[in-house]
>>> print(open('data.cif').read())   # mmCIF, C-alpha atoms
data_model
#
loop_
_atom_site.label_atom_id
_atom_site.label_comp_id
_atom_site.auth_asym_id
_atom_site.auth_seq_id
_atom_site.Cartn_x
_atom_site.Cartn_y
_atom_site.Cartn_z
CA MET Y 1 -9.13 53.28 18.30
CA ARG Y 2 -10.42 50.80 20.78
CA LEU Y 3 -10.86 47.16 19.64
CA SER Y 4 -13.10 44.48 21.06
CA ARG Y 5 -11.63 41.11 22.06
CA ARG Y 6 -12.93 39.50 18.88
CA THR Y 7 -11.27 41.89 16.46
CA VAL Y 8 -8.00 40.74 14.93
CA LEU Y 9 -5.88 43.15 12.94
CA PRO Y 10 -4.38 41.74 9.67
CA SER Y 11 -0.90 42.27 11.09
CA GLN Y 12 -1.81 39.95 13.98
CA LEU Y 13 -2.76 37.01 11.72
CA PRO Y 14 -0.28 34.17 11.46
CA PRO Y 15 1.75 34.24 8.21
CA ARG Y 16 -0.42 31.48 6.68
CA ALA Y 17 -3.83 32.06 8.17
CA LEU Y 18 -6.37 29.73 6.57
CA THR Y 19 -9.72 31.23 5.79
CA HIS Y 20 -11.49 28.47 3.81
CA PRO Y 21 -11.68 24.66 4.08
CA GLN Y 22 -10.07 24.34 0.63
CA ASP Y 23 -6.97 26.11 2.06
CA CYS Y 24 -6.27 23.13 4.32
CA ILE Y 25 -3.44 20.80 3.25
CA CYS Y 26 -3.41 17.13 4.16
CA ASN Y 27 -0.57 15.67 6.20
CA ASP Y 28 2.01 13.57 4.36
CA GLY Y 29 0.67 10.07 3.81
CA PHE Y 30 -2.77 11.51 2.98
CA TYR Y 31 -4.29 13.05 -0.16
CA LYS Y 32 -7.17 15.46 -0.66
CA SER Y 33 -10.29 14.43 -2.53
CA LEU Y 34 -13.63 16.25 -2.51
CA GLY Y 35 -12.43 18.51 0.31
CA SER Y 36 -11.41 15.70 2.69
CA CYS Y 37 -8.12 14.01 3.49
CA HIS Y 38 -7.85 10.25 2.82
CA SER Y 39 -5.09 7.78 3.67
CA CYS Y 40 -2.74 7.18 0.76
CA THR Y 41 -3.62 3.96 -1.06
CA GLN Y 42 -1.34 0.98 -1.66
CA GLY Y 43 0.87 1.48 -4.74
CA SER Y 44 1.16 5.24 -4.29
CA TYR Y 45 2.69 7.85 -2.00
CA CYS Y 46 1.18 11.14 -0.82
CA SER Y 47 2.85 14.43 -0.06
CA GLY Y 48 1.43 17.95 0.21
CA GLY Y 49 -2.10 16.62 -0.28
CA SER Y 50 -1.32 15.03 -3.66
CA ARG Y 51 -1.33 11.33 -4.51
CA LEU Y 52 1.39 10.05 -6.87
CA SER Y 53 1.68 6.53 -8.28
CA CYS Y 54 4.73 4.39 -7.64
CA PRO Y 55 6.81 3.63 -10.77
CA SER Y 56 5.79 0.70 -12.97
CA TYR Y 57 6.52 -2.75 -11.47
CA SER Y 58 6.60 -1.42 -7.90
CA THR Y 59 4.24 -0.94 -4.98
CA SER Y 60 4.06 0.67 -1.55
CA PRO Y 61 2.05 0.12 1.63
CA SER Y 62 -0.98 2.32 2.29
CA GLY Y 63 -0.15 5.55 4.10
CA SER Y 64 3.18 5.99 2.25
CA ASP Y 65 4.55 9.51 2.06
CA SER Y 66 7.72 9.21 -0.05
CA PRO Y 67 8.82 7.66 -3.36
CA LEU Y 68 11.38 5.77 -1.26
CA ASP Y 69 8.44 3.74 0.08
CA CYS Y 70 7.93 2.27 -3.41
CA VAL Y 71 9.53 -1.19 -3.58
CA CYS Y 72 10.10 -3.10 -6.81
CA ASP Y 73 8.03 -6.20 -7.44
CA HIS Y 74 9.50 -9.62 -6.61
CA THR Y 75 11.67 -10.22 -9.73
CA TYR Y 76 12.58 -6.58 -10.43
CA TYR Y 77 15.39 -4.30 -9.26
CA LYS Y 78 15.53 -0.52 -8.81
CA SER Y 79 17.87 1.71 -10.77
CA SER Y 80 17.47 5.50 -10.96
CA SER Y 81 13.98 5.33 -9.35
CA SER Y 82 12.69 2.88 -12.01
CA CYS Y 83 12.20 -0.87 -11.74
CA PHE Y 84 13.64 -3.28 -14.30
CA SER Y 85 13.18 -7.03 -14.82
CA CYS Y 86 16.00 -9.12 -13.39
CA THR Y 87 18.50 -10.00 -16.12
CA VAL Y 88 20.11 -13.32 -17.10
CA GLY Y 89 22.95 -14.28 -14.73
CA HIS Y 90 21.37 -12.41 -11.81
CA TYR Y 91 18.63 -12.84 -9.21
CA CYS Y 92 16.61 -10.02 -7.68
CA SER Y 93 15.10 -9.64 -4.23
CA GLY Y 94 13.95 -6.60 -2.29
CA GLY Y 95 14.55 -4.34 -5.30
CA THR Y 96 18.26 -5.26 -5.48
CA ARG Y 97 20.00 -7.16 -8.27
CA HIS Y 98 22.60 -9.77 -7.23
CA GLU Y 99 25.05 -11.49 -9.58
CA CYS Y 100 25.15 -15.28 -9.61
CA PRO Y 101 28.43 -16.78 -8.27
CA SER Y 102 31.36 -17.45 -10.60
CA LEU Y 103 30.71 -20.04 -13.37
CA MET Y 104 26.95 -19.78 -12.73
CA THR Y 105 24.05 -18.20 -14.57
CA SER Y 106 20.26 -17.91 -14.13
CA PRO Y 107 17.22 -17.32 -16.31
CA GLU Y 108 15.68 -13.85 -16.68
CA ALA Y 109 13.36 -12.81 -13.82
CA SER Y 110 15.08 -15.00 -11.19
CA SER Y 111 14.31 -14.20 -7.56
CA SER Y 112 16.68 -16.38 -5.52
CA SER Y 113 20.28 -17.60 -5.43
CA PHE Y 114 18.76 -21.08 -5.81
CA ASP Y 115 17.86 -20.07 -9.39
CA CYS Y 116 21.58 -19.90 -10.25
CA PHE Y 117 23.06 -23.00 -11.89
CA CYS Y 118 26.41 -23.95 -13.45
CA ILE Y 119 27.10 -22.82 -17.00
CA ASP Y 120 27.32 -25.43 -19.75
CA GLY Y 121 30.50 -27.52 -19.47
CA TYR Y 122 30.26 -27.53 -15.65
CA TYR Y 123 28.12 -29.40 -13.12
CA GLN Y 124 27.13 -28.59 -9.56
CA SER Y 125 28.85 -30.54 -6.82
CA ASN Y 126 28.76 -29.60 -3.12
CA GLY Y 127 27.53 -26.10 -3.97
CA ASN Y 128 30.37 -25.40 -6.41
CA CYS Y 129 30.74 -25.75 -10.16
CA SER Y 130 33.20 -28.41 -11.32
CA VAL Y 131 34.48 -28.88 -14.86
CA CYS Y 132 32.76 -31.65 -16.79
CA THR Y 133 34.97 -34.75 -16.98
CA GLU Y 134 35.70 -37.22 -19.77
CA ASN Y 135 32.82 -39.56 -20.74
CA TYR Y 136 30.25 -37.05 -19.46
CA TYR Y 137 28.45 -34.02 -20.83
CA CYS Y 138 27.22 -31.17 -18.63
CA THR Y 139 24.36 -28.80 -19.25
CA GLY Y 140 22.02 -26.90 -16.93
CA GLY Y 141 24.33 -27.65 -13.99
CA THR Y 142 23.82 -31.40 -14.33
CA ARG Y 143 26.38 -34.06 -15.32
CA ARG Y 144 25.16 -36.92 -17.53
CA SER Y 145 26.97 -40.00 -18.90
CA CYS Y 146 27.69 -39.99 -22.59
CA PRO Y 147 25.42 -42.42 -24.49
#
>>> encode(input="data.cif", output="structure tokens")
Amino acid sequence: MRLSRRTVLPSQLPPRALTHPQDCICNDGFYKSLGSCHSCTQGSYCSGGSRLSCPSYSTSPSGSDSPLDCVCDHTYYKSSSSCFSCTVGHYCSGGTRHECPSLMTSPEASSSSFDCFCIDGYYQSNGNCSVCTENYYCTGGTRRSCP
């Protein structure tokens, strides 16, 4: 059997020959909608032509292609791919929770080490917490004279 140059035998087709536009898959970082590929939107990541939302309290830049691109909001931290509000005695930045230094605490949803203050009974002096002395009372990291 003699074949023309335009004839291709099925055995000569690549393993994944595409025959219709709907067979096309978008590159990572893009999702398919109405037959076209679009850049992944902020707050989501795209892989295999699908768009998936980042977990609650997190976001990602446009064009993201992995759940690792999802970063927790300012006062949240990531644990097991979920974001949680920063807890008392900690501050959160960049999706990581940090403990306040010894003898210090902070309110819930703190975002900086500057949010940490001395526990009651102590006052802040030269960046450290010192025990409250006689004739004073200490609360919120501040020392005040007794009335």
>>> closest_residue(input="data.cif", among="Y:Gln124, Y:Thr41, Y:Ser47, Y:Thr96", to="Gly140 (chain Y)", atoms="only C-alpha atoms")
Y:Gln124
>>> axis_aligned_box(input="data.cif", around="region 112-117 of chain Y", padding_each_side="5 Å", output="AutoDock Vina command-line options")
--center_x 19.9 --center_y -19.7 --center_z -8.7 --size_x 16.4 --size_y 16.6 --size_z 16.5
>>> closest_residue(input="data.cif", among="Y:Gly43, Y:Met104, Y:Ser53, Y:Leu34", to="Asp73 (chain Y)", atoms="only C-alpha atoms")
Y:Gly43
>>> residues_around(input="data.cif", residues="Pro55 (chain Y)", least_positions_apart="6", cutoff="10 Å", atoms="all atoms listed in the file", output="PyMOL selection string")
chain Y and resi 43-44+67+70-72+78+81-83
>>> write_last_selection(input="data.cif", atoms="C-alpha atoms", output="PDB file, keeping the file's coordinate frame")
ATOM      1  CA  GLY Y  43       0.870   1.480  -4.740  1.00  0.00           C
ATOM      2  CA  SER Y  44       1.160   5.240  -4.290  1.00  0.00           C
ATOM      3  CA  PRO Y  67       8.820   7.660  -3.360  1.00  0.00           C
ATOM      4  CA  CYS Y  70       7.930   2.270  -3.410  1.00  0.00           C
ATOM      5  CA  VAL Y  71       9.530  -1.190  -3.580  1.00  0.00           C
ATOM      6  CA  CYS Y  72      10.100  -3.100  -6.810  1.00  0.00           C
ATOM      7  CA  LYS Y  78      15.530  -0.520  -8.810  1.00  0.00           C
ATOM      8  CA  SER Y  81      13.980   5.330  -9.350  1.00  0.00           C
ATOM      9  CA  SER Y  82      12.690   2.880 -12.010  1.00  0.00           C
ATOM     10  CA  CYS Y  83      12.200  -0.870 -11.740  1.00  0.00           C
TER      11      CYS Y  83
END
>>> resolve_selection(input="data.cif", expression="the PyMOL selection byres ((chain Y and resi 98) around 12)", output="CSV table (one decimal) with C-alpha atoms, keeping the file's coordinate frame")
chain,number,residue,atom,x,y,z
Y,75,THR,CA,11.7,-10.2,-9.7
Y,76,TYR,CA,12.6,-6.6,-10.4
Y,77,TYR,CA,15.4,-4.3,-9.3
Y,78,LYS,CA,15.5,-0.5,-8.8
Y,86,CYS,CA,16.0,-9.1,-13.4
Y,87,THR,CA,18.5,-10.0,-16.1
Y,88,VAL,CA,20.1,-13.3,-17.1
Y,89,GLY,CA,23.0,-14.3,-14.7
Y,90,HIS,CA,21.4,-12.4,-11.8
Y,91,TYR,CA,18.6,-12.8,-9.2
Y,92,CYS,CA,16.6,-10.0,-7.7
Y,93,SER,CA,15.1,-9.6,-4.2
Y,94,GLY,CA,14.0,-6.6,-2.3
Y,95,GLY,CA,14.6,-4.3,-5.3
Y,96,THR,CA,18.3,-5.3,-5.5
Y,97,ARG,CA,20.0,-7.2,-8.3
Y,99,GLU,CA,25.0,-11.5,-9.6
Y,100,CYS,CA,25.2,-15.3,-9.6
Y,101,PRO,CA,28.4,-16.8,-8.3
Y,105,THR,CA,24.0,-18.2,-14.6
Y,106,SER,CA,20.3,-17.9,-14.1
Y,109,ALA,CA,13.4,-12.8,-13.8
Y,110,SER,CA,15.1,-15.0,-11.2
Y,111,SER,CA,14.3,-14.2,-7.6
Y,112,SER,CA,16.7,-16.4,-5.5
Y,113,SER,CA,20.3,-17.6,-5.4
Y,115,ASP,CA,17.9,-20.1,-9.4
Y,116,CYS,CA,21.6,-19.9,-10.2
>>> atom_distance(input="data.cif", atom1="CA of Cys26 (chain Y)", atom2="CA of Leu68 (chain Y)")
19.4 Å
